[in-house]
>>> print(open('run04.txt').read())   # compact mmCIF, C-alpha atoms
# COMPACT_ATOMS: atom_id res chain seq x y z
CA MET E 690 -21.04 -14.02 -15.06
CA LEU E 691 -22.31 -11.10 -13.01
CA ARG E 692 -22.93 -7.97 -15.01
CA ASN E 693 -22.39 -4.38 -13.97
CA LYS E 694 -24.91 -1.84 -15.14
CA TYR E 695 -22.14 0.49 -16.32
CA GLY E 696 -20.61 -0.34 -19.70
CA ARG E 697 -16.99 0.67 -20.02
CA ARG E 698 -17.82 3.23 -22.70
CA THR E 699 -20.32 4.97 -20.46
CA PHE E 700 -18.33 4.77 -17.24
CA VAL E 701 -17.36 8.44 -17.00
CA LYS E 702 -20.80 9.76 -17.93
CA ALA E 703 -22.69 7.32 -15.77
CA THR E 704 -20.53 7.96 -12.72
CA ALA E 705 -20.25 11.71 -12.93
CA GLY E 706 -22.11 11.90 -9.65
CA VAL E 707 -19.87 9.31 -8.09
CA PHE E 708 -16.76 11.40 -8.76
CA ALA E 709 -18.34 14.80 -8.15
CA MET E 710 -17.06 16.65 -5.10
CA GLY E 711 -19.62 16.18 -2.39
CA ALA E 712 -20.70 18.51 0.35
CA ALA E 713 -19.29 18.28 3.86
CA SER E 714 -19.11 14.76 5.21
CA PRO E 715 -22.25 13.59 7.00
CA LEU E 716 -20.05 12.71 9.97
CA ILE E 717 -21.19 15.94 11.58
CA ARG E 718 -24.15 13.89 12.73
CA ALA E 719 -21.78 11.47 14.46
CA ALA E 720 -20.74 13.95 17.12
CA SER E 721 -22.91 12.28 19.74
CA PRO E 722 -20.88 9.87 21.92
CA ASN E 723 -23.45 7.14 21.33
CA SER E 724 -23.87 7.52 17.57
CA LYS E 725 -22.49 5.03 15.08
CA LEU E 726 -20.56 5.55 11.88
CA ASN E 727 -22.01 3.81 8.85
CA HIS E 728 -19.19 1.96 7.14
CA ALA E 729 -18.93 0.46 3.63
CA VAL E 730 -16.57 -2.44 2.97
CA ILE E 731 -15.21 -2.50 -0.58
CA GLY E 732 -13.36 -5.77 -1.03
CA VAL E 733 -14.49 -8.35 1.53
CA GLY E 734 -11.97 -11.18 1.00
CA GLY E 735 -8.30 -11.57 1.92
CA MET E 736 -7.14 -8.47 3.78
CA GLY E 737 -10.59 -7.05 3.13
CA GLY E 738 -11.97 -9.70 5.47
CA VAL E 739 -9.46 -8.71 8.14
CA ASP E 740 -10.34 -5.06 7.68
CA ARG E 741 -14.07 -5.76 7.80
CA GLN E 742 -13.86 -7.77 11.01
CA ASN E 743 -11.72 -5.15 12.74
CA PHE E 744 -14.04 -2.29 11.85
CA ALA E 745 -17.08 -4.35 12.83
CA GLY E 746 -15.47 -4.86 16.24
CA HIS E 747 -15.65 -1.16 17.10
CA GLU E 748 -18.69 -0.32 19.18
CA HIS E 749 -19.34 2.86 17.21
CA VAL E 750 -19.21 1.32 13.72
CA ARG E 751 -22.08 -0.23 11.79
CA ILE E 752 -21.32 -2.23 8.65
CA ALA E 753 -23.89 -0.70 6.31
CA ALA E 754 -22.77 -1.92 2.88
CA LEU E 755 -20.60 -4.65 1.36
CA CYS E 756 -19.07 -4.81 -2.10
CA ASP E 757 -17.04 -7.43 -3.93
CA VAL E 758 -16.72 -8.60 -7.53
CA ASP E 759 -16.69 -12.20 -6.28
CA ARG E 760 -20.25 -13.22 -5.40
CA SER E 761 -19.17 -16.17 -3.25
CA ARG E 762 -17.04 -13.91 -1.07
CA LEU E 763 -19.76 -11.29 -0.99
CA ASP E 764 -22.40 -13.77 0.12
CA GLY E 765 -20.09 -15.13 2.81
CA ALA E 766 -19.53 -11.65 4.23
CA GLY E 767 -23.27 -10.98 3.94
CA ASN E 768 -23.93 -13.90 6.27
CA ASP E 769 -21.86 -12.08 8.89
CA HIS E 770 -23.67 -8.78 8.31
CA PRO E 771 -27.24 -9.55 7.23
CA GLU E 772 -28.29 -5.94 7.71
CA ALA E 773 -25.73 -4.68 5.14
CA THR E 774 -26.72 -3.98 1.54
CA LYS E 775 -24.64 -5.97 -0.96
CA TYR E 776 -23.15 -4.74 -4.24
CA ASP E 777 -20.82 -6.24 -6.80
CA ASP E 778 -19.98 -2.81 -8.27
CA TRP E 779 -18.35 -0.15 -6.06
CA ARG E 780 -19.72 2.60 -8.30
CA GLU E 781 -23.28 1.47 -7.64
CA LEU E 782 -22.53 1.35 -3.91
CA ILE E 783 -21.26 4.94 -3.82
CA GLU E 784 -24.14 6.15 -5.97
CA ALA E 785 -26.79 4.42 -3.85
CA GLU E 786 -25.23 4.77 -0.40
CA GLY E 787 -23.49 8.12 -0.81
CA ASP E 788 -25.85 9.94 1.56
CA LYS E 789 -25.95 7.09 4.06
CA ILE E 790 -22.34 6.05 4.69
CA ASP E 791 -19.73 7.98 6.63
CA MET E 792 -16.61 5.99 5.85
CA ALA E 793 -15.32 3.09 3.78
CA ASN E 794 -12.32 0.85 3.28
CA ALA E 795 -10.80 0.06 -0.11
CA SER E 796 -9.27 -3.42 0.22
CA VAL E 797 -8.92 -4.55 -3.38
CA PRO E 798 -5.98 -5.21 -5.74
CA ASP E 799 -3.55 -2.29 -5.97
CA HIS E 800 -4.60 -1.11 -9.45
CA MET E 801 -8.08 -0.18 -8.18
CA HIS E 802 -7.14 1.69 -5.00
CA PHE E 803 -7.01 5.10 -6.65
CA PRO E 804 -10.34 5.25 -8.52
CA ILE E 805 -12.26 3.85 -5.55
CA ALA E 806 -10.58 5.99 -2.89
CA MET E 807 -10.80 9.11 -5.06
CA ALA E 808 -14.53 8.62 -5.67
CA LEU E 809 -15.12 8.22 -1.92
CA ILE E 810 -13.02 11.25 -0.99
CA ARG E 811 -14.78 13.41 -3.57
CA LYS E 812 -18.03 12.43 -1.85
CA GLY E 813 -16.64 13.59 1.48
CA LYS E 814 -16.19 10.08 2.93
CA HIS E 815 -13.42 9.07 5.30
CA VAL E 816 -11.21 6.41 3.76
CA TYR E 817 -9.14 3.50 5.02
CA CYS E 818 -7.05 2.25 2.10
CA GLN E 819 -4.94 -0.86 1.97
CA LYS E 820 -1.26 -0.46 1.18
CA PRO E 821 0.29 0.56 -1.05
CA MET E 822 -1.87 3.64 -1.21
CA CYS E 823 -2.05 3.47 -5.02
CA HIS E 824 -0.50 1.61 -7.93
CA ASP E 825 1.36 4.63 -9.37
CA VAL E 826 3.29 7.59 -7.98
CA ALA E 827 1.09 10.15 -9.78
CA GLU E 828 -2.04 8.56 -8.33
CA VAL E 829 -0.64 8.87 -4.79
CA ARG E 830 0.13 12.55 -5.27
CA ALA E 831 -3.39 13.25 -6.59
CA LEU E 832 -5.11 11.25 -3.84
CA THR E 833 -3.08 12.88 -1.06
CA GLN E 834 -4.02 16.32 -2.33
CA ALA E 835 -7.67 15.37 -2.79
CA ALA E 836 -7.92 14.15 0.82
CA ALA E 837 -6.39 17.39 2.08
CA ASP E 838 -8.73 19.47 -0.05
CA ALA E 839 -11.80 17.53 1.10
CA GLY E 840 -10.83 17.65 4.77
CA VAL E 841 -11.59 13.97 5.29
CA HIS E 842 -9.85 11.56 7.66
CA THR E 843 -7.72 8.86 6.10
CA GLN E 844 -5.62 5.88 7.13
CA LEU E 845 -3.25 3.62 5.20
CA GLY E 846 -3.36 -0.08 6.02
CA THR E 847 0.02 -0.21 7.79
CA GLN E 848 -1.15 -2.04 10.90
CA ALA E 849 2.31 -2.34 12.45
CA ALA E 850 2.50 1.46 12.56
CA SER E 851 0.10 1.44 15.51
CA THR E 852 1.94 -1.17 17.57
CA THR E 853 3.76 -0.32 20.77
CA GLY E 854 7.00 -1.55 19.17
CA SER E 855 6.80 0.96 16.34
CA ARG E 856 5.98 3.78 18.75
CA MET E 857 8.92 2.82 20.98
CA ALA E 858 11.33 2.75 18.04
CA GLU E 859 10.18 6.18 16.94
CA HIS E 860 10.66 7.48 20.50
CA TYR E 861 14.22 6.15 20.75
CA ILE E 862 15.23 7.66 17.40
CA ARG E 863 13.71 11.07 18.09
CA GLU E 864 15.37 11.14 21.52
CA GLY E 865 18.76 10.49 19.93
CA VAL E 866 19.36 7.28 21.92
CA ILE E 867 21.59 5.79 19.18
CA GLY E 868 22.97 9.16 18.06
CA LYS E 869 22.71 10.61 14.59
CA ILE E 870 21.35 8.16 12.03
CA GLN E 871 23.69 7.23 9.20
CA ARG E 872 21.78 4.51 7.36
CA VAL E 873 18.53 2.52 7.45
CA VAL E 874 18.23 -1.09 6.26
CA LEU E 875 14.85 -2.68 5.48
CA CYS E 876 14.46 -6.31 4.49
CA SER E 877 11.66 -8.73 3.67
CA ASN E 878 13.13 -12.19 3.24
CA ARG E 879 10.27 -14.16 4.74
CA PRO E 880 10.24 -17.88 3.93
CA GLY E 881 7.82 -18.84 1.18
CA ALA E 882 7.48 -15.36 -0.31
CA ILE E 883 9.64 -16.26 -3.32
CA GLU E 884 7.08 -18.85 -4.36
CA ALA E 885 4.26 -16.31 -4.12
CA TYR E 886 5.95 -14.29 -6.89
CA ARG E 887 7.13 -17.18 -9.08
CA LEU E 888 5.92 -16.44 -12.60
CA GLU E 889 8.57 -17.70 -14.98
CA GLY E 890 6.84 -17.09 -18.30
CA PRO E 891 4.59 -14.56 -20.02
CA ARG E 892 0.84 -14.47 -19.55
CA PRO E 893 -1.08 -17.40 -21.06
CA ALA E 894 -2.35 -16.89 -24.60
CA THR E 895 -5.44 -19.04 -24.04
CA ALA E 896 -8.37 -18.42 -21.70
CA ASP E 897 -9.98 -20.45 -18.94
CA PRO E 898 -13.73 -20.23 -18.33
CA ILE E 899 -14.64 -17.30 -16.09
CA PRO E 900 -16.19 -18.59 -12.85
CA GLU E 901 -19.89 -17.85 -12.50
CA ASN E 902 -19.27 -16.08 -9.20
CA LEU E 903 -16.70 -13.61 -10.64
CA ASN E 904 -17.31 -10.40 -12.58
CA TRP E 905 -14.04 -10.41 -14.50
CA ASP E 906 -14.65 -7.06 -16.21
CA LEU E 907 -15.10 -5.34 -12.85
CA TRP E 908 -12.06 -7.13 -11.45
CA LEU E 909 -9.93 -5.84 -14.35
CA GLY E 910 -11.24 -2.30 -13.87
CA THR E 911 -8.60 0.19 -15.04
CA ALA E 912 -6.17 -2.53 -16.16
CA PRO E 913 -5.75 -3.59 -19.81
CA GLU E 914 -7.99 -6.32 -21.16
CA ARG E 915 -6.69 -9.88 -20.83
CA HIS E 916 -8.02 -13.43 -20.66
CA PHE E 917 -9.03 -14.93 -17.34
CA ASN E 918 -6.79 -17.78 -16.20
CA ASN E 919 -7.10 -19.94 -13.12
CA GLY E 920 -4.69 -19.56 -10.24
CA ILE E 921 -2.58 -16.63 -11.42
CA TYR E 922 -4.81 -13.55 -11.09
CA HIS E 923 -7.88 -13.66 -8.84
CA SER E 924 -7.41 -14.48 -6.12
CA MET E 925 -3.87 -15.81 -6.07
CA LYS E 926 -0.84 -14.14 -7.66
CA TRP E 927 -2.17 -10.79 -8.82
CA ARG E 928 0.54 -8.95 -6.84
CA ALA E 929 3.20 -10.47 -9.11
CA TRP E 930 1.75 -8.85 -12.27
CA GLN E 931 2.69 -5.25 -13.12
CA ASP E 932 -0.83 -4.45 -14.35
CA PHE E 933 -2.37 -5.25 -10.96
CA GLY E 934 0.22 -5.29 -8.17
CA THR E 935 3.35 -3.42 -7.18
CA GLY E 936 5.66 -6.32 -6.43
CA TRP E 937 7.19 -7.37 -3.17
CA SER E 938 8.47 -3.94 -2.17
CA GLY E 939 5.09 -2.37 -2.90
CA ASP E 940 3.37 -5.07 -0.88
CA ILE E 941 5.46 -4.87 2.29
CA GLY E 942 7.49 -1.67 1.87
CA CYS E 943 4.90 0.64 3.44
CA HIS E 944 4.82 -1.55 6.57
CA LEU E 945 8.58 -1.50 7.09
CA MET E 946 9.25 2.08 6.04
CA HIS E 947 6.67 3.72 8.32
CA ALA E 948 8.70 3.79 11.55
CA PRO E 949 11.93 5.04 9.90
CA TRP E 950 9.96 7.58 7.88
CA VAL E 951 8.12 9.02 10.87
CA SER E 952 10.96 8.79 13.37
CA LEU E 953 13.38 10.65 11.10
CA GLY E 954 10.87 13.09 9.64
CA LEU E 955 11.91 12.07 6.13
CA ARG E 956 10.76 13.81 3.00
CA ALA E 957 11.09 12.90 -0.66
CA PRO E 958 14.35 11.23 -1.68
CA SER E 959 16.78 12.97 -3.99
CA LYS E 960 17.78 9.78 -5.75
CA VAL E 961 16.74 6.12 -6.12
CA THR E 962 18.36 3.11 -7.75
CA ALA E 963 17.73 -0.64 -7.88
CA ARG E 964 19.36 -3.90 -8.84
CA VAL E 965 17.19 -6.88 -9.67
CA GLN E 966 17.13 -10.63 -10.17
CA GLU E 967 19.37 -11.39 -13.18
CA SER E 968 17.07 -13.96 -14.81
CA TRP E 969 14.19 -11.45 -14.75
CA GLN E 970 16.36 -8.66 -16.11
CA ARG E 971 17.44 -10.81 -19.06
CA SER E 972 13.87 -11.84 -20.01
CA PRO E 973 11.94 -9.24 -22.08
CA ASP E 974 8.67 -11.15 -21.56
CA ARG E 975 8.97 -11.17 -17.78
CA ARG E 976 10.18 -7.56 -17.58
CA ARG E 977 7.19 -6.46 -19.64
CA ASP E 978 4.58 -8.26 -17.54
CA THR E 979 5.74 -9.33 -14.07
CA TRP E 980 7.77 -8.22 -11.08
CA PRO E 981 11.08 -9.86 -10.14
CA GLN E 982 11.35 -12.16 -7.15
CA SER E 983 14.41 -10.39 -5.72
CA ASP E 984 15.26 -6.67 -5.53
CA HIS E 985 17.70 -4.34 -3.80
CA ILE E 986 16.50 -0.73 -3.78
CA VAL E 987 18.46 2.26 -2.42
CA TRP E 988 16.88 5.65 -1.71
CA THR E 989 19.04 8.67 -0.86
CA PHE E 990 17.45 11.28 1.43
CA PRO E 991 18.54 14.80 2.31
CA GLY E 992 19.84 14.96 5.86
CA ASN E 993 18.24 16.76 8.80
CA GLU E 994 18.94 17.37 12.48
CA LEU E 995 18.43 13.67 13.28
CA THR E 996 20.83 12.33 10.68
CA ASP E 997 24.57 12.37 10.12
CA GLY E 998 24.32 14.14 6.77
CA ASP E 999 22.45 12.68 3.82
CA ILE E 1000 21.41 9.08 4.46
CA GLU E 1001 20.67 6.02 2.41
CA MET E 1002 17.83 3.60 3.02
CA ASP E 1003 18.25 0.09 1.62
CA TRP E 1004 15.51 -2.42 0.80
CA TYR E 1005 16.35 -6.12 0.33
CA ASP E 1006 13.92 -8.88 -0.61
CA GLY E 1007 13.81 -12.37 -2.09
CA HIS E 1008 17.31 -13.79 -2.51
CA PHE E 1009 18.92 -10.39 -1.94
CA TYR E 1010 19.87 -10.21 1.74
CA PRO E 1011 21.39 -7.42 3.83
CA PRO E 1012 25.21 -7.57 3.95
CA GLU E 1013 26.92 -9.88 6.41
CA GLU E 1014 27.98 -7.06 8.72
CA VAL E 1015 24.30 -6.15 9.12
CA LEU E 1016 23.11 -9.73 9.62
CA ALA E 1017 25.80 -10.23 12.25
CA MET E 1018 24.26 -7.49 14.41
CA ALA E 1019 21.28 -9.63 15.42
CA PRO E 1020 21.45 -10.64 19.10
CA SER E 1021 20.60 -14.23 18.13
CA GLU E 1022 21.84 -16.33 15.22
CA ASN E 1023 18.73 -15.54 13.16
CA TYR E 1024 18.33 -12.03 11.78
CA PRO E 1025 14.60 -11.09 11.67
CA PRO E 1026 13.52 -11.91 8.09
CA GLU E 1027 11.23 -8.88 7.98
CA SER E 1028 12.61 -5.86 9.83
CA ALA E 1029 13.94 -2.31 9.90
CA LEU E 1030 17.41 -1.41 11.20
CA TRP E 1031 18.62 2.10 12.07
CA LEU E 1032 22.43 2.51 12.16
CA GLY E 1033 23.50 5.46 14.29
CA THR E 1034 26.71 7.07 15.45
CA GLU E 1035 26.20 5.64 18.98
CA GLY E 1036 24.58 2.26 18.28
CA ALA E 1037 21.80 0.60 16.33
CA LEU E 1038 18.09 -0.17 16.64
CA LEU E 1039 16.53 -3.31 15.16
CA LEU E 1040 12.74 -3.51 14.80
CA PRO E 1041 11.22 -6.82 13.64
CA ASN E 1042 7.99 -6.25 11.73
CA GLY E 1043 5.22 -6.15 14.34
CA GLY E 1044 7.68 -6.85 17.16
CA ALA E 1045 9.57 -5.02 19.91
CA PRO E 1046 12.61 -2.82 19.17
CA MET E 1047 16.10 -3.97 20.22
CA LEU E 1048 18.81 -1.43 21.02
CA LEU E 1049 22.22 -2.79 19.97
CA PRO E 1050 24.67 -3.73 21.29
CA ARG E 1051 22.48 -4.87 24.14
CA GLU E 1052 25.15 -4.50 26.84
CA GLN E 1053 25.54 -0.83 25.99
CA PHE E 1054 21.82 -0.09 26.39
CA ARG E 1055 20.95 -2.43 29.24
CA GLU E 1056 20.03 0.50 31.52
CA GLN E 1057 18.14 2.47 28.85
CA PRO E 1058 14.67 3.38 30.20
CA ARG E 1059 11.78 1.96 28.24
CA PRO E 1060 9.06 4.52 27.51
CA GLU E 1061 5.56 3.79 28.75
CA LEU E 1062 3.48 3.94 25.59
CA PRO E 1063 -0.11 2.87 25.05
CA ALA E 1064 -0.92 -0.09 22.82
CA GLY E 1065 -2.67 0.95 19.64
CA HIS E 1066 -5.34 -0.61 17.45
CA HIS E 1067 -4.86 0.54 13.87
CA TYR E 1068 -8.53 0.28 12.92
CA HIS E 1069 -10.14 1.42 16.13
CA ASP E 1070 -7.70 4.30 16.50
CA PHE E 1071 -8.74 5.46 13.03
CA VAL E 1072 -12.40 5.41 14.03
CA ASP E 1073 -11.59 7.24 17.25
CA ALA E 1074 -9.58 9.83 15.31
CA ILE E 1075 -12.58 10.48 13.08
CA ARG E 1076 -14.85 10.91 16.08
CA ALA E 1077 -12.39 13.21 17.85
CA GLY E 1078 -11.40 15.20 14.77
CA GLU E 1079 -7.75 14.16 15.12
CA THR E 1080 -5.11 12.99 12.65
CA SER E 1081 -4.56 9.23 12.50
CA ARG E 1082 -1.19 7.45 12.66
CA SER E 1083 -1.11 6.74 8.92
CA ASP E 1084 -3.11 9.70 7.63
CA PHE E 1085 -2.48 10.33 3.94
CA SER E 1086 -0.65 13.55 4.85
CA ILE E 1087 1.98 11.23 6.38
CA SER E 1088 1.61 8.03 4.40
CA GLY E 1089 1.12 9.72 1.02
CA PRO E 1090 4.69 11.06 0.64
CA MET E 1091 5.97 7.78 2.10
CA SER E 1092 3.94 5.76 -0.42
CA GLU E 1093 5.35 7.88 -3.24
CA THR E 1094 8.82 6.95 -2.03
CA VAL E 1095 8.00 3.24 -1.89
CA LEU E 1096 6.62 3.36 -5.43
CA LEU E 1097 9.66 5.26 -6.70
CA GLY E 1098 11.43 2.02 -5.83
CA THR E 1099 9.12 0.09 -8.15
CA VAL E 1100 10.01 2.55 -10.92
CA ALA E 1101 13.71 1.95 -10.25
CA ILE E 1102 13.11 -1.81 -10.48
CA ARG E 1103 11.83 -1.33 -14.03
CA VAL E 1104 14.87 0.82 -14.94
CA PRO E 1105 17.53 -1.13 -13.03
CA ASP E 1106 21.17 -0.23 -12.43
CA VAL E 1107 20.59 3.49 -13.06
CA ASP E 1108 20.92 6.33 -10.54
CA LEU E 1109 17.60 8.12 -10.93
CA THR E 1110 17.62 11.73 -9.74
CA TRP E 1111 14.15 12.67 -8.45
CA ASP E 1112 12.45 16.07 -8.59
CA ALA E 1113 9.53 15.70 -6.18
CA THR E 1114 8.15 19.18 -6.84
CA ALA E 1115 7.89 18.60 -10.57
CA LEU E 1116 6.97 14.93 -10.12
CA ARG E 1117 9.56 13.76 -12.62
CA PHE E 1118 12.98 12.24 -13.18
CA PRO E 1119 14.65 15.18 -14.96
CA TYR E 1120 17.36 13.10 -16.62
CA ASN E 1121 15.49 9.90 -17.44
CA PRO E 1122 12.36 10.00 -19.64
CA GLU E 1123 12.13 6.20 -19.54
CA ALA E 1124 11.62 6.29 -15.77
CA ASP E 1125 9.08 9.11 -16.14
CA HIS E 1126 7.00 6.72 -18.23
CA TYR E 1127 6.38 4.54 -15.16
CA LEU E 1128 5.03 7.30 -12.92
CA ARG E 1129 1.52 6.86 -14.33
CA ARG E 1130 -0.14 4.25 -16.51
CA SER E 1131 -2.85 4.24 -19.15
CA TYR E 1132 -6.34 3.27 -18.01
CA ARG E 1133 -8.56 0.97 -20.00
CA ALA E 1134 -10.96 2.88 -22.23
CA GLY E 1135 -14.07 3.86 -20.28
CA TRP E 1136 -12.35 3.59 -16.88
CA GLU E 1137 -10.75 7.03 -16.76
CA VAL E 1138 -10.97 9.05 -13.54
CA PRO E 1139 -12.37 12.54 -14.24
CA GLY E 1140 -9.86 15.27 -13.46
CA PHE E 1141 -6.87 12.91 -13.47
CA ALA E 1142 -4.57 12.54 -16.46
CA SER E 1143 -3.46 8.96 -16.96
CA ALA E 1144 -0.60 8.22 -19.36
>>> encode(input="run04.txt", output="structure tokens")
Amino acid sequence: MLRNKYGRRTFVKATAGVFAMGAASPLIRAASPNSKLNHAVIGVGGMGGVDRQNFAGHEHVRIAALCDVDRSRLDGAGNDHPEATKYDDWRELIEAEGDKIDMANASVPDHMHFPIAMALIRKGKHVYCQKPMCHDVAEVRALTQAAADAGVHTQLGTQAASTTGSRMAEHYIREGVIGKIQRVVLCSNRPGAIEAYRLEGPRPATADPIPENLNWDLWLGTAPERHFNNGIYHSMKWRAWQDFGTGWSGDIGCHLMHAPWVSLGLRAPSKVTARVQESWQRSPDRRRDTWPQSDHIVWTFPGNELTDGDIEMDWYDGHFYPPEEVLAMAPSENYPPESALWLGTEGALLLPNGGAPMLLPREQFREQPRPELPAGHHYHDFVDAIRAGETSRSDFSISGPMSETVLLGTVAIRVPDVDLTWDATALRFPYNPEADHYLRRSYRAGWEVPGFASA
């Protein structure tokens, strides 16, 4: 097994420099139109591979460093970027490359987003972070503030947010094309997703041999100690475990919520509630360890000039589907299995994930002008925003409060069938201490983040 030079007990002391607030970002030197930004890839497999390839495709980006706890994945990425320095430990990368890199992406399991992104931001590096932004609500709040304080550029990995379809939907809503918005319905009922979250029993009591290519201690990171087992953690079903992932809504929710969030100028909800899969709710072992395969979450938001009073936003996944009257609105017999629907006083707008918006009923909006909007590239636009000193589409100032809202849904899942009043200013549920417990988790001893209070 690969070994990291930092023992868990000496993590905080050994990485004091990693987490120390750095000076101004070295991107000042990148002002020249022909200069390149040195980029570090943290997490090279899965979505990390997609992220790496997209950043490498920008003419002003140089892949300078690669990091992954899986040596086979790391070596494979190294073949694509032979000039990049390779690390299995992100702390060593930041310590060694801190004066050389300008930006980085954190594309690892959800439970490690916060410590990695926070260390980078405190070093003055620009950060692209996969969704959800963090594992816990309190982590999101701290990271959003840290990015603002450091003055760095950030981007959440909500690729659909940069598509022409998302931009068009936002335009229609802001222009009042379907009137005042009364309700928003999100759903993710994609075929095969149920199986990805199927974990019927508790974690195995016995251990499988740790593969030689995997540093299991580094993979666990902040999460509690547990045995390695084949096929259910790395690199398969980690999203289904509460210690590592944030469930189905945490996985896809940021993608689907972005356009409604931005188009309506939403802020923190006043209330959230959830109903869940009955078999999961009745099983103490599953509720303690895993996420359900089906949820229905409802957030209530204060109204504004674009809404018809306070509005509710629904999320359906797994075997929980939008109501029949919603499904019947699709112009074809198949409602998009992953989509956002705005219901307004003068019509509706349906946006399939990554697709083009449909104004409904179609006959009513047949003559509606289509705006001429440029196609976006989520990765390249982020690089260009850094170079131009502009705010990106999913900057943490935008995606941070949205990510908090998504993760409030994961709290409601763990306290189902209860109307949870939310106090965003105080970062608490004033009438439900049980729900407060899920806003932040305890970190494994030696993996604490300086300046941040875990549970």
>>> closest_residue(input="run04.txt", among="E:Leu1116, E:Ala806, E:Ala929, E:Ala957", to="E:Asp978", atoms="only C-alpha atoms")
E:Ala929
>>> closest_residue(input="run04.txt", among="E:His800, E:Arg1082, E:Arg1059, E:His815", to="E:Ser1131", atoms="all atoms listed in the file")
E:His800
>>> residues_around(input="run04.txt", residues="stretch 852-868 of chain E", least_positions_apart="5", cutoff="12 Å", atoms="all atoms listed in the file", output="VMD selection string")
chain E and resid 847 873 944 to 954 993 to 997 1028 to 1051 1053 to 1054 1056 to 1068 1070 1082
>>> write_last_selection(input="run04.txt", atoms="C-alpha atoms", output="compact mmCIF listing (two decimals), in the coordinates of the input")
# COMPACT_ATOMS: atom_id res chain seq x y z
CA THR E 847 0.02 -0.21 7.79
CA VAL E 873 18.53 2.52 7.45
CA HIS E 944 4.82 -1.55 6.57
CA LEU E 945 8.58 -1.50 7.09
CA MET E 946 9.25 2.08 6.04
CA HIS E 947 6.67 3.72 8.32
CA ALA E 948 8.70 3.79 11.55
CA PRO E 949 11.93 5.04 9.90
CA TRP E 950 9.96 7.58 7.88
CA VAL E 951 8.12 9.02 10.87
CA SER E 952 10.96 8.79 13.37
CA LEU E 953 13.38 10.65 11.10
CA GLY E 954 10.87 13.09 9.64
CA ASN E 993 18.24 16.76 8.80
CA GLU E 994 18.94 17.37 12.48
CA LEU E 995 18.43 13.67 13.28
CA THR E 996 20.83 12.33 10.68
CA ASP E 997 24.57 12.37 10.12
CA SER E 1028 12.61 -5.86 9.83
CA ALA E 1029 13.94 -2.31 9.90
CA LEU E 1030 17.41 -1.41 11.20
CA TRP E 1031 18.62 2.10 12.07
CA LEU E 1032 22.43 2.51 12.16
CA GLY E 1033 23.50 5.46 14.29
CA THR E 1034 26.71 7.07 15.45
CA GLU E 1035 26.20 5.64 18.98
CA GLY E 1036 24.58 2.26 18.28
CA ALA E 1037 21.80 0.60 16.33
CA LEU E 1038 18.09 -0.17 16.64
CA LEU E 1039 16.53 -3.31 15.16
CA LEU E 1040 12.74 -3.51 14.80
CA PRO E 1041 11.22 -6.82 13.64
CA ASN E 1042 7.99 -6.25 11.73
CA GLY E 1043 5.22 -6.15 14.34
CA GLY E 1044 7.68 -6.85 17.16
CA ALA E 1045 9.57 -5.02 19.91
CA PRO E 1046 12.61 -2.82 19.17
CA MET E 1047 16.10 -3.97 20.22
CA LEU E 1048 18.81 -1.43 21.02
CA LEU E 1049 22.22 -2.79 19.97
CA PRO E 1050 24.67 -3.73 21.29
CA ARG E 1051 22.48 -4.87 24.14
CA GLN E 1053 25.54 -0.83 25.99
CA PHE E 1054 21.82 -0.09 26.39
CA GLU E 1056 20.03 0.50 31.52
CA GLN E 1057 18.14 2.47 28.85
CA PRO E 1058 14.67 3.38 30.20
CA ARG E 1059 11.78 1.96 28.24
CA PRO E 1060 9.06 4.52 27.51
CA GLU E 1061 5.56 3.79 28.75
CA LEU E 1062 3.48 3.94 25.59
CA PRO E 1063 -0.11 2.87 25.05
CA ALA E 1064 -0.92 -0.09 22.82
CA GLY E 1065 -2.67 0.95 19.64
CA HIS E 1066 -5.34 -0.61 17.45
CA HIS E 1067 -4.86 0.54 13.87
CA TYR E 1068 -8.53 0.28 12.92
CA ASP E 1070 -7.70 4.30 16.50
CA ARG E 1082 -1.19 7.45 12.66
>>> closest_residue(input="run04.txt", among="E:Pro958, E:Pro821, E:Gly738, E:Gly1140", to="E:Asp999", atoms="all atoms listed in the file")
E:Pro958
>>> atom_distance(input="run04.txt", atom1="atom CA of E:Cys756", atom2="atom CA of E:Val816")
14.9 Å
>>> residues_around(input="run04.txt", residues="E:Phe1118", least_positions_apart="5", cutoff="12 Å", atoms="only C-alpha atoms", output="MDAnalysis selection string")
chainID E and resid 826 958:962 1097 1100:1101 1104 1107:1113 1123:1128
>>> closest_residue(input="run04.txt", among="E:His770, E:Arg956, E:Asn727, E:Ser1143", to="E:Thr1114", atoms="all atoms listed in the file")
E:Arg956
>>> atom_distance(input="run04.txt", atom1="atom CA of E:Glu1079", atom2="atom CA of E:Ala753")
23.6 Å
>>> axis_aligned_box(input="run04.txt", around="stretch 1074-1090 of chain E", padding_each_side="5 Å", output="JSON")
{"center_x": -5.1, "center_y": 11.0, "center_z": 9.2, "size_x": 29.5, "size_y": 18.5, "size_z": 27.2}
>>> atom_distance(input="run04.txt", atom1="atom CA of E:His916", atom2="atom CA of E:Pro898")
9.2 Å
>>> closest_residue(input="run04.txt", among="E:Arg977, E:Lys725, E:Arg971, E:Arg1129", to="E:Phe803", atoms="all atoms listed in the file")
E:Arg1129
